[in-house]
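Engineer: My structure is stored as query_26.csv, with CSV, C-alpha atoms and all ligand atoms.
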chain,number,residue,atom,x,y,z
A,8,MET,CA,7.1,26.1,17.0
A,9,SER,CA,5.9,25.9,20.6
A,10,ASP,CA,2.9,23.8,21.4
A,11,LYS,CA,1.1,26.9,22.7
A,12,ARG,CA,1.7,28.8,19.5
A,13,ARG,CA,0.5,25.7,17.5
A,14,LEU,CA,-2.7,25.5,19.4
A,15,GLN,CA,-3.3,29.2,18.9
A,16,LEU,CA,-2.8,28.8,15.2
A,17,LEU,CA,-5.1,25.8,15.2
A,18,ALA,CA,-7.8,27.7,17.0
A,19,ASN,CA,-7.5,30.6,14.5
A,20,GLY,CA,-7.4,28.3,11.4
A,21,GLN,CA,-4.1,29.8,10.3
A,22,GLU,CA,-1.9,26.7,10.4
A,23,LYS,CA,-0.5,26.1,6.9
A,24,PHE,CA,0.0,22.7,5.3
A,25,PHE,CA,2.9,21.2,7.2
A,26,PRO,CA,2.7,17.4,7.7
A,27,GLU,CA,4.8,16.0,10.5
A,28,ARG,CA,6.3,12.7,9.7
A,29,ILE,CA,6.2,10.1,12.5
A,30,THR,CA,8.1,6.9,11.9
A,31,LEU,CA,6.9,3.8,13.7
A,32,PRO,CA,8.3,0.3,14.1
A,33,THR,CA,6.6,-2.6,12.3
A,34,PRO,CA,7.1,-6.4,12.7
A,35,PHE,CA,7.2,-6.7,8.9
A,36,PRO,CA,10.2,-7.2,6.5
A,37,VAL,CA,9.5,-3.7,5.0
A,38,GLY,CA,10.8,-2.1,8.2
A,39,PRO,CA,9.5,1.1,9.8
A,40,VAL,CA,6.4,2.9,8.4
A,41,ASN,CA,5.7,6.6,8.2
A,42,VAL,CA,2.5,8.2,9.3
A,43,TYR,CA,1.8,11.9,9.0
A,44,LEU,CA,0.2,14.3,11.5
A,45,LEU,CA,-1.6,17.2,9.9
A,46,PRO,CA,-1.8,19.8,12.7
A,47,SER,CA,-5.0,21.5,11.5
A,48,ARG,CA,-8.7,21.2,12.1
A,49,PRO,CA,-9.9,18.5,11.9
A,50,LEU,CA,-6.7,17.2,13.6
A,51,THR,CA,-5.7,14.5,11.2
A,52,LEU,CA,-3.4,11.5,11.0
A,53,VAL,CA,-2.6,10.0,7.6
A,54,ASP,CA,-2.2,6.2,8.2
A,55,THR,CA,-1.7,4.9,11.7
A,56,GLY,CA,1.0,2.2,11.8
A,57,PRO,CA,0.5,-1.4,12.9
A,58,ASP,CA,-1.5,-2.5,15.9
A,59,THR,CA,1.4,-3.5,18.1
A,60,PRO,CA,2.3,-2.2,21.6
A,61,GLU,CA,5.6,-0.8,20.3
A,62,ALA,CA,3.9,1.2,17.5
A,63,ARG,CA,1.2,2.4,19.8
A,64,SER,CA,3.7,3.7,22.4
A,65,VAL,CA,6.0,5.4,19.8
A,66,LEU,CA,3.0,7.1,18.2
A,67,THR,CA,1.6,8.2,21.5
A,68,ALA,CA,4.9,9.7,22.5
A,69,ALA,CA,5.2,11.5,19.2
A,70,LEU,CA,1.7,12.9,19.4
A,71,ASN,CA,2.4,14.0,23.0
A,72,LYS,CA,5.6,15.7,21.8
A,73,ALA,CA,3.6,17.6,19.2
A,74,GLY,CA,1.2,18.8,21.9
A,75,PHE,CA,-1.6,16.2,21.4
A,76,ALA,CA,-2.9,13.0,22.8
A,77,PRO,CA,-4.2,10.1,20.7
A,78,ARG,CA,-7.8,10.9,21.6
A,79,ASP,CA,-7.4,14.4,20.2
A,80,ILE,CA,-7.1,12.9,16.7
A,81,GLU,CA,-10.4,13.8,14.9
A,82,GLN,CA,-9.8,12.2,11.6
A,83,VAL,CA,-7.7,9.4,10.2
A,84,LEU,CA,-7.0,9.1,6.4
A,85,VAL,CA,-6.0,5.6,5.4
A,86,THR,CA,-4.0,5.2,2.2
A,87,HIS,CA,-4.6,1.5,2.1
A,88,ALA,CA,-5.6,-1.5,4.3
A,89,HIS,CA,-2.2,-3.2,4.7
A,90,SER,CA,-1.8,-3.6,8.4
A,91,ASP,CA,1.5,-1.6,8.7
A,92,HIS,CA,-0.6,1.4,7.5
A,93,SER,CA,-4.1,0.8,8.9
A,94,GLY,CA,-3.6,-1.4,12.0
A,95,LEU,CA,-4.4,1.3,14.6
A,96,ALA,CA,-7.3,2.8,12.7
A,97,ALA,CA,-9.8,0.8,14.8
A,98,TRP,CA,-8.2,2.2,17.9
A,99,PHE,CA,-8.6,5.8,16.8
A,100,ARG,CA,-12.2,5.0,15.7
A,101,GLU,CA,-13.0,3.7,19.2
A,102,MET,CA,-11.7,7.0,20.6
A,103,GLY,CA,-14.1,8.9,18.3
A,104,ALA,CA,-12.0,9.7,15.2
A,105,GLU,CA,-13.6,9.5,11.9
A,106,VAL,CA,-11.8,7.0,9.6
A,107,LEU,CA,-11.8,7.8,5.8
A,108,LEU,CA,-10.7,5.4,3.1
A,109,HIS,CA,-11.6,3.8,-0.2
A,110,PRO,CA,-14.5,1.3,-0.2
A,111,MET,CA,-12.3,-1.6,-1.4
A,112,GLU,CA,-9.9,-1.0,1.5
A,113,ALA,CA,-12.8,-0.6,4.0
A,114,GLU,CA,-14.1,-4.0,2.9
A,115,LYS,CA,-10.7,-5.6,3.7
A,116,LEU,CA,-10.9,-4.2,7.2
A,117,SER,CA,-14.6,-5.1,7.7
A,118,GLY,CA,-14.0,-8.5,9.1
A,119,LEU,CA,-14.6,-10.3,5.8
A,120,ASP,CA,-12.1,-13.2,5.7
A,121,PHE,CA,-9.8,-12.8,2.7
A,122,TRP,CA,-7.3,-15.4,3.9
A,123,PRO,CA,-8.7,-18.6,2.4
A,124,VAL,CA,-8.9,-17.1,-1.1
A,125,LEU,CA,-5.4,-15.6,-0.7
A,126,ILE,CA,-4.0,-19.0,0.3
A,127,ASP,CA,-5.9,-20.7,-2.6
A,128,ASN,CA,-4.5,-18.2,-5.0
A,129,LEU,CA,-0.9,-18.9,-3.8
A,130,ARG,CA,-1.6,-22.7,-4.2
A,131,ARG,CA,-2.8,-22.1,-7.8
A,132,LEU,CA,0.4,-20.1,-8.4
A,133,GLY,CA,2.4,-23.2,-7.5
A,134,VAL,CA,3.3,-22.6,-3.9
A,135,PRO,CA,3.7,-26.1,-2.3
A,136,ASP,CA,1.2,-27.1,0.4
A,137,LYS,CA,4.0,-27.6,3.0
A,138,LEU,CA,5.2,-24.1,2.5
A,139,LEU,CA,1.7,-22.7,2.7
A,140,THR,CA,0.9,-24.4,6.0
A,141,ALA,CA,4.2,-23.2,7.5
A,142,TYR,CA,3.5,-19.7,6.2
A,143,SER,CA,-0.2,-19.5,6.9
A,144,LEU,CA,-0.5,-20.4,10.6
A,145,PRO,CA,1.8,-17.8,12.2
A,146,ARG,CA,1.0,-15.1,9.7
A,147,ARG,CA,-2.8,-15.2,9.7
A,148,GLU,CA,-3.2,-13.0,12.8
A,149,ALA,CA,-0.5,-10.6,11.7
A,150,TYR,CA,-2.3,-10.1,8.4
A,151,ARG,CA,-5.5,-9.0,10.0
A,152,GLY,CA,-5.9,-5.3,10.7
A,153,GLY,CA,-8.8,-5.6,13.2
A,154,CYS,CA,-12.4,-5.1,12.4
A,155,LEU,CA,-13.3,-1.5,11.4
A,156,THR,CA,-16.9,-0.4,10.8
A,157,ASP,CA,-18.7,2.8,10.3
A,158,CYS,CA,-16.0,4.5,8.1
A,159,ARG,CA,-16.5,7.4,5.6
A,160,LEU,CA,-15.8,6.2,2.1
A,161,LEU,CA,-13.7,8.2,-0.3
A,162,GLN,CA,-13.6,8.2,-4.1
A,163,ASP,CA,-11.2,9.7,-6.6
A,164,GLY,CA,-11.8,13.4,-6.9
A,165,ASP,CA,-13.2,14.0,-3.4
A,166,LEU,CA,-12.0,17.1,-1.7
A,167,LEU,CA,-11.2,17.2,2.0
A,168,ASN,CA,-11.5,20.6,3.7
A,169,PHE,CA,-9.3,21.7,6.6
A,170,SER,CA,-9.2,24.9,8.5
A,171,SER,CA,-6.4,26.4,6.2
A,172,PHE,CA,-5.9,24.1,3.2
A,173,ARG,CA,-7.6,21.4,1.3
A,174,LEU,CA,-6.6,18.0,0.0
A,175,SER,CA,-7.7,16.3,-3.2
A,176,VAL,CA,-8.3,12.5,-3.0
A,177,LEU,CA,-6.5,10.6,-5.8
A,178,ALA,CA,-7.2,6.9,-6.5
A,179,VAL,CA,-3.7,5.4,-7.2
A,180,PRO,CA,-4.4,1.6,-7.5
A,181,GLY,CA,-1.7,-0.9,-8.1
A,182,HIS,CA,0.0,-1.8,-4.8
A,183,CYS,CA,-3.6,-2.2,-3.5
A,184,GLY,CA,-6.8,-1.9,-5.6
A,185,GLY,CA,-8.2,0.9,-3.4
A,186,HIS,CA,-5.0,2.7,-2.6
A,187,LEU,CA,-5.5,6.5,-2.2
A,188,ALA,CA,-3.1,9.4,-2.2
A,189,PHE,CA,-3.9,12.9,-0.9
A,190,TYR,CA,-2.7,15.9,-2.8
A,191,GLN,CA,-2.2,19.5,-1.6
A,192,GLU,CA,-2.1,21.4,-4.8
A,193,GLU,CA,-0.9,24.8,-3.6
A,194,SER,CA,2.2,23.4,-2.0
A,195,GLY,CA,2.7,20.6,-4.6
A,196,VAL,CA,2.9,18.0,-1.9
A,197,LEU,CA,1.5,14.5,-2.4
A,198,LEU,CA,0.9,12.2,0.6
A,199,ALA,CA,1.7,9.1,-1.5
A,200,GLY,CA,1.4,6.1,0.9
A,201,ASP,CA,3.1,3.2,-0.8
A,202,ALA,CA,2.2,4.3,-4.4
A,203,LEU,CA,5.7,5.7,-4.7
A,204,LEU,CA,8.7,4.8,-2.6
A,205,LYS,CA,12.3,6.1,-2.8
A,206,ARG,CA,14.4,3.0,-2.2
A,207,ILE,CA,12.1,0.1,-3.1
A,208,SER,CA,9.7,-0.4,-5.9
A,209,PRO,CA,6.2,-0.9,-4.6
A,210,ASN,CA,4.9,-4.4,-5.0
A,211,PRO,CA,2.0,-4.4,-7.5
A,212,MET,CA,0.2,-7.2,-5.6
A,213,PRO,CA,-2.5,-8.9,-7.5
A,214,GLU,CA,-5.7,-9.0,-5.4
A,215,VAL,CA,-8.2,-11.7,-4.9
A,216,HIS,CA,-11.7,-11.5,-3.5
A,217,PRO,CA,-13.8,-14.1,-1.6
A,218,ALA,CA,-16.8,-13.5,-3.9
A,219,LYS,CA,-14.6,-14.1,-7.1
A,220,PRO,CA,-12.4,-17.2,-6.4
A,221,GLY,CA,-9.9,-17.8,-9.2
A,222,GLU,CA,-9.8,-14.2,-10.3
A,223,ARG,CA,-6.9,-11.8,-9.8
A,224,SER,CA,-6.9,-8.0,-10.3
A,225,GLY,CA,-4.7,-6.7,-13.2
A,226,SER,CA,-2.5,-5.0,-10.6
A,227,LEU,CA,0.5,-4.2,-12.7
A,228,ALA,CA,-1.6,-2.7,-15.5
A,229,GLN,CA,-3.3,-0.6,-12.8
A,230,TYR,CA,0.0,0.4,-11.3
A,231,LEU,CA,1.5,1.5,-14.6
A,232,ALA,CA,-1.6,3.6,-15.3
A,233,THR,CA,-1.2,5.1,-11.8
A,234,LEU,CA,2.5,6.0,-12.6
A,235,ASP,CA,1.4,7.7,-15.9
A,236,ARG,CA,-1.2,9.7,-14.0
A,237,LEU,CA,1.2,10.7,-11.2
A,238,GLY,CA,3.8,11.7,-13.9
A,239,LYS,CA,1.3,14.2,-15.3
A,240,LEU,CA,0.5,15.6,-11.9
A,241,ALA,CA,3.8,17.5,-11.7
A,242,PHE,CA,3.9,17.6,-7.9
A,243,LYS,CA,7.1,18.7,-6.1
A,244,LEU,CA,7.4,16.4,-3.1
A,245,ALA,CA,6.0,13.0,-2.2
A,246,LEU,CA,5.7,12.1,1.4
A,247,THR,CA,5.9,8.3,1.3
A,248,GLY,CA,4.8,5.4,3.5
A,249,HIS,CA,8.3,4.1,4.0
A,250,GLY,CA,11.6,5.9,4.0
A,251,GLU,CA,12.5,9.4,3.1
A,252,ALA,CA,10.5,11.9,1.1
A,253,LEU,CA,10.9,11.9,-2.7
A,254,GLU,CA,12.2,15.2,-3.8
A,255,GLU,CA,12.4,14.3,-7.5
A,256,PRO,CA,9.3,12.4,-8.1
A,257,ALA,CA,9.4,12.6,-11.9
A,258,GLN,CA,12.8,10.9,-11.9
A,259,ARG,CA,11.6,8.2,-9.5
A,260,ILE,CA,8.5,7.5,-11.5
A,261,SER,CA,10.5,6.9,-14.7
A,262,GLU,CA,12.9,4.6,-12.7
A,263,ILE,CA,10.0,2.5,-11.4
A,264,LYS,CA,8.5,2.3,-14.9
A,265,ASN,CA,11.9,1.1,-16.3
A,266,HIS,CA,12.2,-1.4,-13.5
A,267,HIS,CA,8.8,-3.0,-14.6
A,268,ARG,CA,9.7,-2.8,-18.3
A,269,GLN,CA,12.9,-4.7,-17.6
A,270,ARG,CA,11.2,-7.2,-15.3
A,271,LEU,CA,8.5,-7.9,-17.8
A,272,GLN,CA,11.2,-8.7,-20.4
A,273,TYR,CA,13.2,-10.8,-18.0
A,274,ILE,CA,10.2,-12.9,-16.8
A,275,ARG,CA,9.2,-13.4,-20.4
A,276,GLU,CA,12.7,-14.7,-21.2
A,277,MET,CA,12.6,-17.0,-18.1
A,278,VAL,CA,9.3,-18.5,-19.3
A,279,ARG,CA,10.8,-19.0,-22.8
A,280,ASP,CA,13.6,-21.0,-21.1
A,281,CYS,CA,11.7,-23.0,-18.5
A,282,GLY,CA,8.0,-23.0,-19.6
A,283,PRO,CA,5.6,-24.5,-18.9
A,284,CYS,CA,6.4,-23.3,-15.3
A,285,THR,CA,4.5,-21.8,-12.4
A,286,ALA,CA,4.8,-18.4,-10.8
A,287,PHE,CA,6.4,-20.0,-7.7
A,288,GLU,CA,9.1,-21.7,-9.8
A,289,LEU,CA,9.8,-18.4,-11.6
A,290,ALA,CA,10.0,-16.6,-8.2
A,291,GLY,CA,12.5,-19.2,-7.0
A,292,ARG,CA,14.6,-18.6,-10.1
A,293,LEU,CA,14.4,-14.8,-9.6
A,294,TYR,CA,14.9,-14.6,-5.8
A,295,GLY,CA,16.3,-17.9,-4.7
A,296,ARG,CA,14.9,-20.1,-1.9
A,297,LEU,CA,11.7,-18.5,-0.4
A,298,SER,CA,10.1,-18.8,3.1
A,299,GLY,CA,7.8,-16.8,5.3
A,300,TRP,CA,6.5,-13.4,4.1
A,301,ASP,CA,8.9,-13.6,1.1
A,302,VAL,CA,6.7,-16.3,-0.4
A,303,LEU,CA,3.7,-13.9,-0.7
A,304,LEU,CA,5.8,-10.9,-1.7
A,305,ALA,CA,7.9,-12.7,-4.4
A,306,VAL,CA,5.1,-14.8,-5.9
A,307,SER,CA,2.8,-11.7,-6.0
A,308,GLU,CA,5.5,-9.7,-7.8
A,309,VAL,CA,6.1,-12.4,-10.4
A,310,SER,CA,2.4,-13.1,-10.8
A,311,ALA,CA,1.6,-9.4,-11.4
A,312,HIS,CA,4.1,-9.5,-14.3
A,313,LEU,CA,2.8,-12.9,-15.6
A,314,ASP,CA,-0.8,-11.5,-15.6
A,315,TRP,CA,0.3,-8.4,-17.6
A,316,LEU,CA,2.2,-10.6,-20.1
A,317,THR,CA,-0.8,-12.9,-20.4
A,318,GLY,CA,-3.2,-10.0,-20.9
A,319,HIS,CA,-0.9,-8.7,-23.7
A,320,ASP,CA,-0.9,-12.0,-25.5
A,321,ALA,CA,2.8,-12.6,-24.8
A,322,LEU,CA,2.2,-15.7,-22.6
A,323,ALA,CA,-0.4,-18.4,-22.3
A,324,GLU,CA,-1.8,-19.4,-18.9
A,325,THR,CA,-2.9,-23.1,-18.6
A,326,THR,CA,-4.5,-24.9,-15.7
A,327,ALA,CA,-2.4,-28.0,-15.1
A,328,SER,CA,-3.0,-30.9,-12.8
A,329,GLY,CA,-4.2,-30.1,-9.3
A,330,GLY,CA,-5.4,-26.7,-10.5
A,331,ARG,CA,-2.0,-25.2,-10.7
A,332,LEU,CA,-1.5,-22.4,-13.3
A,333,THR,CA,1.5,-22.8,-15.7
A,334,TYR,CA,2.8,-20.3,-18.2
A,335,ASN,CA,4.2,-20.8,-21.6
A,336,ILE,CA,5.6,-18.4,-24.3
A,337,ILE,CA,3.3,-17.4,-27.2
A,338,LYS,CA,5.5,-15.1,-29.1
A,401,ZN,ZN,3.6,-0.3,3.4
Translate the structure described by the file into structure tokens.
Structural biologist:
Amino acid sequence: MSDKRRLQLLANGQEKFFPERITLPTPFPVGPVNVYLLPSRPLTLVDTGPDTPEARSVLTAALNKAGFAPRDIEQVLVTHAHSDHSGLAAWFREMGAEVLLHPMEAEKLSGLDFWPVLIDNLRRLGVPDKLLTAYSLPRREAYRGGCLTDCRLLQDGDLLNFSSFRLSVLAVPGHCGGHLAFYQEESGVLLAGDALLKRISPNPMPEVHPAKPGERSGSLAQYLATLDRLGKLAFKLALTGHGEALEEPAQRISEIKNHHRQRLQYIREMVRDCGPCTAFELAGRLYGRLSGWDVLLAVSEVSAHLDWLTGHDALAETTASGGRLTYNIIK
């Protein structure tokens, strides 16, 4: 479609739901991230990519190619606050766009410092201090997504109106506590963020909060409930935060559920063999030697499964010396 034709359609409110995928580089192990341009009114971007010069320049070029400039974006929908998805939201906010996201994710981008409680949680999960120091110093800045204020907060069930379609807001917690997806019912298309991915299983990262030190969210239980809910939605296509679109979402949902069922069983067996043991020790057994980002990712994945097993009375969690948590089999 020519840019002129597109602008005409935009002006007339006739543009149908046709998200354009823009793939941006990230400095994170996950690789490139997808953001989606919704060429409608309000002109909308779903996720923004990370706040790096490379992402900014690729995004600007892609918007230009579609006939727009970054300052034309009127609205940014943020699926979740991880910096590969939300890093440039503050930049668009500065240029006048409205930023919409879940309150839990807005809080993460508000300048509140989650880092000390995140590091304390990793220490309790058995990550050695030496590894934490090496991990913490260079990563702290990369983890921050900038300070974003004055956002519009969204809840499950909200409806977003565009000139020629509307989106339903779905709360899909698990990968993040305030993760949102956006559903266009008539076309059966779900803008899924990281709630569903084609090639990798989204990490159900347990979350911690500065006001509640020592507590973790039951992220895997949340995520399994999200998968049940998405399974019932019967959508046709998921546009995902990384990689290609999912054309058979039902099949992928059951694959991811099976993955977690198997992993729960495997981790329980590992605890039977080596308990009492820490999440870090189990992550080492599962993934080998860990360093850098992999410490957070692997320990989070294992800890989410340990929390589920503890919550279902299959394992006991005990606070050992130095405040480290150890796990033992119950039944
Ligand atoms: Zn992501």
Engineer: Of the residues A:Ser328, A:Asn71, A:Ser194, A:Ser208, which is the one nearest to Gly250 of chain A, using all atoms listed in the file?
Structural biologist: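 Ranking A:Ser328, A:Asn71, A:Ser194, A:Ser208 by distance to Gly250 of chain A, first place goes to A:Ser208.
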Engineer: 8 Å from ligand ZN 401 (chain A) is the threshold here; counting only C-alpha atoms and all ligand atoms, which polymer residues fall inside it? Answer as a CSV table (one decimal) with C-alpha atoms, in the coordinates of the input.
Structural biologist:
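What landed in part_36.csv:
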chain,number,residue,atom,x,y,z
A,37,VAL,CA,9.5,-3.7,5.0
A,40,VAL,CA,6.4,2.9,8.4
A,89,HIS,CA,-2.2,-3.2,4.7
A,91,ASP,CA,1.5,-1.6,8.7
A,92,HIS,CA,-0.6,1.4,7.5
A,200,GLY,CA,1.4,6.1,0.9
A,201,ASP,CA,3.1,3.2,-0.8
A,248,GLY,CA,4.8,5.4,3.5
A,249,HIS,CA,8.3,4.1,4.0
Engineer: Which residues are close to Leu187 of chain A, i.e. within 10 Å by all atoms listed in the file, leaving aside same-chain residues fewer than 4 positions away? Reply as a list in words.
Structural biologist: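 Counting all atoms listed in the file, the residues come to Leu84, Val85, Thr86, His87, Leu108, His109, Glu112, Leu161, Gln162, Asp163, Val176, Leu177, Ala178, Val179, Pro180, Cys183, Leu198, Ala199, Gly200, Asp201 and Ala202 of chain A.
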Engineer: May I have the residues within 8 Å of Asp58 of chain A as a list in words, using only C-alpha atoms and disregarding those fewer than 6 positions away in the same chain?
Structural biologist: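 In the requested format, the answer is Ser90, Asp91, Gly94, Leu95 and Gly152 of chain A.
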Engineer: How would you write as a ChimeraX atom specification the residues that get within 10 Å of (-10.9, -3.0, 10.5) in the file's frame, counting only C-alpha atoms?
Structural biologist: /A:88,90,93-98,100,112-119,151-158
Engineer: Could you write out the selected residues, including C-alpha atoms, as a short mmCIF file (atom, residue, chain, number, x, y, z; two decimals), in the coordinates of the input?
Structural biologist:
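Contents of result.cif, freshly written:
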data_model
loop_
_atom_site.label_atom_id
_atom_site.label_comp_id
_atom_site.auth_asym_id
_atom_site.auth_seq_id
_atom_site.Cartn_x
_atom_site.Cartn_y
_atom_site.Cartn_z
CA ALA A 88 -5.60 -1.50 4.30
CA SER A 90 -1.80 -3.60 8.40
CA SER A 93 -4.10 0.80 8.90
CA GLY A 94 -3.60 -1.40 12.00
CA LEU A 95 -4.40 1.30 14.60
CA ALA A 96 -7.30 2.80 12.70
CA ALA A 97 -9.80 0.80 14.80
CA TRP A 98 -8.20 2.20 17.90
CA ARG A 100 -12.20 5.00 15.70
CA GLU A 112 -9.90 -1.00 1.50
CA ALA A 113 -12.80 -0.60 4.00
CA GLU A 114 -14.10 -4.00 2.90
CA LYS A 115 -10.70 -5.60 3.70
CA LEU A 116 -10.90 -4.20 7.20
CA SER A 117 -14.60 -5.10 7.70
CA GLY A 118 -14.00 -8.50 9.10
CA LEU A 119 -14.60 -10.30 5.80
CA ARG A 151 -5.50 -9.00 10.00
CA GLY A 152 -5.90 -5.30 10.70
CA GLY A 153 -8.80 -5.60 13.20
CA CYS A 154 -12.40 -5.10 12.40
CA LEU A 155 -13.30 -1.50 11.40
CA THR A 156 -16.90 -0.40 10.80
CA ASP A 157 -18.70 2.80 10.30
CA CYS A 158 -16.00 4.50 8.10
#
Engineer: Can you tell me which residues surround Arg130 of chain A at a distance of at most 10 Å, considering all atoms listed in the file, apart from same-chain residues fewer than 2 positions away, and format the answer as a ChimeraX atom specification?
Structural biologist: /A:124-128,132-136,138-139,287,329-332
Engineer: Within 10 Å of Tyr43 of chain A, counting only C-alpha atoms, which residues show up once you throw out same-chain ones fewer than 4 positions away? Write them as a list in words, please.
Structural biologist: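 So the residues in contact are Phe25, Pro26, Glu27, Arg28, Ile29, Thr30, Thr51, Leu52, Val53, Asp54, Thr55, Val83, Leu84, Leu198, Gly200, Leu246, Thr247 and Gly248 of chain A.
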Engineer: Neighbourhood query: residues within 12 Å of (11.2, -5.5, -16.9), file coordinates, counting all atoms listed in the file; return as a PyMOL selection string.
Structural biologist: chain A and resi 227+262-277+308-309+311-313+315-316
Engineer: For each of A:Arg48, A:His182, A:Lys72, A:Lys23, take the minimum atom-to-atom distance to Ala232 of chain A, counting all atoms listed in the file, then give the residue where this is smallest.
Structural biologist: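 With all atoms listed in the file as the atom set, the closest residue is A:His182.
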Engineer: Excluding Lys243 of chain A and residues on its chain fewer than 6 positions from it, collect all residues at most 7 Å away from it, counting all atoms listed in the file, and give them as a list of chain:residue names.
Structural biologist: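 After dropping sequence-adjacent residues, the list is A:Gly195, A:Val196, A:Glu254, A:Pro256.
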Engineer: Between atom CA of Leu160 of chain A and atom CA of Leu50 of chain A, what is the distance, to one decimal in Å?
Structural biologist: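 Atom CA of Leu160 of chain A sits 18.3 Å away from atom CA of Leu50 of chain A.
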Engineer: Quick one: of A:Leu234, A:Leu31, A:Ile337, A:Ala241, who's nearest to Leu204 of chain A, counting all atoms listed in the file?
Structural biologist: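 Closest residue, counting all atoms listed in the file: A:Leu234.
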Engineer: Since the input lacks some atoms of segment 255-268 of chain A, please model N, CA and C atoms and print them as a PDB file, in the frame of the given file.
Structural biologist:
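Full text of part-v7.pdb as output:
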ATOM      1  N   GLU A 255      12.479  14.275  -6.035  1.00  0.00           N
ATOM      2  CA  GLU A 255      12.400  14.300  -7.500  1.00  0.00           C
ATOM      3  C   GLU A 255      11.493  13.243  -7.998  1.00  0.00           C
ATOM      4  N   PRO A 256      10.201  13.462  -7.786  1.00  0.00           N
ATOM      5  CA  PRO A 256       9.300  12.400  -8.100  1.00  0.00           C
ATOM      6  C   PRO A 256       9.265  11.977  -9.563  1.00  0.00           C
ATOM      7  N   ALA A 257       9.469  12.936 -10.489  1.00  0.00           N
ATOM      8  CA  ALA A 257       9.400  12.600 -11.900  1.00  0.00           C
ATOM      9  C   ALA A 257      10.496  11.541 -12.238  1.00  0.00           C
ATOM     10  N   GLN A 258      11.682  11.777 -11.680  1.00  0.00           N
ATOM     11  CA  GLN A 258      12.800  10.900 -11.900  1.00  0.00           C
ATOM     12  C   GLN A 258      12.476   9.459 -11.359  1.00  0.00           C
ATOM     13  N   ARG A 259      11.941   9.450 -10.153  1.00  0.00           N
ATOM     14  CA  ARG A 259      11.600   8.200  -9.500  1.00  0.00           C
ATOM     15  C   ARG A 259      10.538   7.418 -10.261  1.00  0.00           C
ATOM     16  N   ILE A 260       9.549   8.167 -10.761  1.00  0.00           N
ATOM     17  CA  ILE A 260       8.500   7.500 -11.500  1.00  0.00           C
ATOM     18  C   ILE A 260       9.048   6.852 -12.763  1.00  0.00           C
ATOM     19  N   SER A 261       9.970   7.529 -13.448  1.00  0.00           N
ATOM     20  CA  SER A 261      10.500   6.900 -14.700  1.00  0.00           C
ATOM     21  C   SER A 261      11.415   5.707 -14.276  1.00  0.00           C
ATOM     22  N   GLU A 262      12.122   5.782 -13.146  1.00  0.00           N
ATOM     23  CA  GLU A 262      12.900   4.600 -12.700  1.00  0.00           C
ATOM     24  C   GLU A 262      12.035   3.406 -12.437  1.00  0.00           C
ATOM     25  N   ILE A 263      10.911   3.651 -11.771  1.00  0.00           N
ATOM     26  CA  ILE A 263      10.000   2.500 -11.400  1.00  0.00           C
ATOM     27  C   ILE A 263       9.415   1.926 -12.712  1.00  0.00           C
ATOM     28  N   LYS A 264       9.049   2.806 -13.653  1.00  0.00           N
ATOM     29  CA  LYS A 264       8.500   2.300 -14.900  1.00  0.00           C
ATOM     30  C   LYS A 264       9.553   1.423 -15.636  1.00  0.00           C
ATOM     31  N   ASN A 265      10.801   1.905 -15.658  1.00  0.00           N
ATOM     32  CA  ASN A 265      11.900   1.100 -16.300  1.00  0.00           C
ATOM     33  C   ASN A 265      12.073  -0.211 -15.609  1.00  0.00           C
ATOM     34  N   HIS A 266      12.012  -0.190 -14.284  1.00  0.00           N
ATOM     35  CA  HIS A 266      12.200  -1.400 -13.500  1.00  0.00           C
ATOM     36  C   HIS A 266      11.130  -2.457 -13.999  1.00  0.00           C
ATOM     37  N   HIS A 267       9.874  -2.022 -14.150  1.00  0.00           N
ATOM     38  CA  HIS A 267       8.800  -3.000 -14.600  1.00  0.00           C
ATOM     39  C   HIS A 267       9.002  -3.412 -16.012  1.00  0.00           C
ATOM     40  N   ARG A 268       9.411  -2.478 -16.873  1.00  0.00           N
ATOM     41  CA  ARG A 268       9.700  -2.800 -18.300  1.00  0.00           C
ATOM     42  C   ARG A 268      10.720  -3.948 -18.349  1.00  0.00           C
TER      43      ARG A 268
END
